[in-house]
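Engineer: Quick one: the structure is below, questions incoming.
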Amino acid sequence: MIEGFSRWDVTEHIHTEEDARLYLEAVFEEDRGDGLLIRAAFGDIARARHMSQLARDIGMTREGLCKSLSENGNPNSNTMMKVIRALGMRLRVAS
């Protein structure tokens, strides 16, 4: 018998704000300092929450937002703050 595998997609597991928060907390701890994982995580959360609507909410095109949050993207701080707010989140710093 041949086993079949399906591709695991984190967006299928982000159902609540708590799910998104816990995911981001884990990603912030694991990021290497280049922001790659953080951008990817925000992209995952945006996809889970309907990327097109999020892009409209922050005044960007869907393609532009996808590109900004991609592996090769380089979103500015203004874009990231708009994404964070549009997702109903706040950024906090703790020590």
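Quick note on naming: the chains in the structure tokens go A, B, ... in the order shown, residues restart at 1 in each chain, and ligands are numbered from 1 in order of appearance.
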Skipping near chain neighbours, those fewer than 5 positions away, what residues fall within 7 Å of segment 64-72 of chain A using only C-alpha atoms, listed as a PDB file with C-alpha atoms, in the first residue's frame?

Structural biologist:
```
ATOM      1  CA  LEU A  36      12.515  36.288   7.355  1.00  0.00           C
ATOM      2  CA  ARG A  39       7.583  38.280   7.469  1.00  0.00           C
ATOM      3  CA  ALA A  40       6.567  34.751   6.544  1.00  0.00           C
ATOM      4  CA  PHE A  42       2.622  37.692   8.971  1.00  0.00           C
ATOM      5  CA  GLY A  43       2.092  36.448   5.417  1.00  0.00           C
ATOM      6  CA  ALA A  55      -4.613  44.545   1.467  1.00  0.00           C
TER       7      ALA A  55
END
```

Engineer: Report, in Å to a single decimal, how far apart atom CA of Asp34 of chain A and atom CA of Met89 of chain A are.

Structural biologist: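 Taking atom CA of Met89 of chain A as the start and atom CA of Asp34 of chain A as the end point, the length is 21.6 Å.
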
Engineer: When you draw a straight line from atom CA of Arg62 of chain A to atom CA of Glu29 of chain A, how long is it in Å?

Structural biologist: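 These atoms are spaced 28.1 Å apart.
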
Engineer: Which residues are close to segment 18-24 of chain A, i.e. within 10 Å by only C-alpha atoms, leaving aside same-chain residues fewer than 2 positions away? Reply as a count of residues only.

Structural biologist: 22

Engineer: In Å, how far is it from atom CA of Arg7 of chain A to atom CA of Pro75 of chain A?

Structural biologist: 27.3 Å

Engineer: As a list in words, which residues of segment 2-47 of chain A does DSSP assign to alpha helix (DSSP H)?

Structural biologist: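 Listing alpha helix (DSSP H) positions across segment 2-47 of chain A yields Glu17, Glu18, Asp19, Ala20, Arg21, Leu22, Tyr23, Leu24, Glu25, Ala26, Val27, Phe28, Glu29, Glu30, Leu36, Leu37, Ile38, Arg39, Ala40, Ala41, Phe42, Gly43, Asp44, Ile45, Ala46 and Arg47 of chain A.
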
Engineer: Could you check which of A:Met80, A:Asn74, A:Ala86, A:Gly33 is closest to Ile58 of chain A, using only C-alpha atoms?

Structural biologist: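 Of all the options, A:Ala86 lies closest to Ile58 of chain A.
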
Engineer: My list of candidates is A:Asp9, A:Glu3, A:Glu25, A:Glu17. Which is closest to Arg92 of chain A when distances are computed with only C-alpha atoms?

Structural biologist: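 So, comparing all the options, the nearest one is A:Glu25.
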
Engineer: Out of A:Arg47, A:Arg90, A:Lys82, A:Arg32, which residue has the shortest atom-to-atom distance to Gly59 of chain A when counting only C-alpha atoms?

Structural biologist: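 Looking only at the distances to Gly59 of chain A, the closest residue turns out to be A:Lys82.
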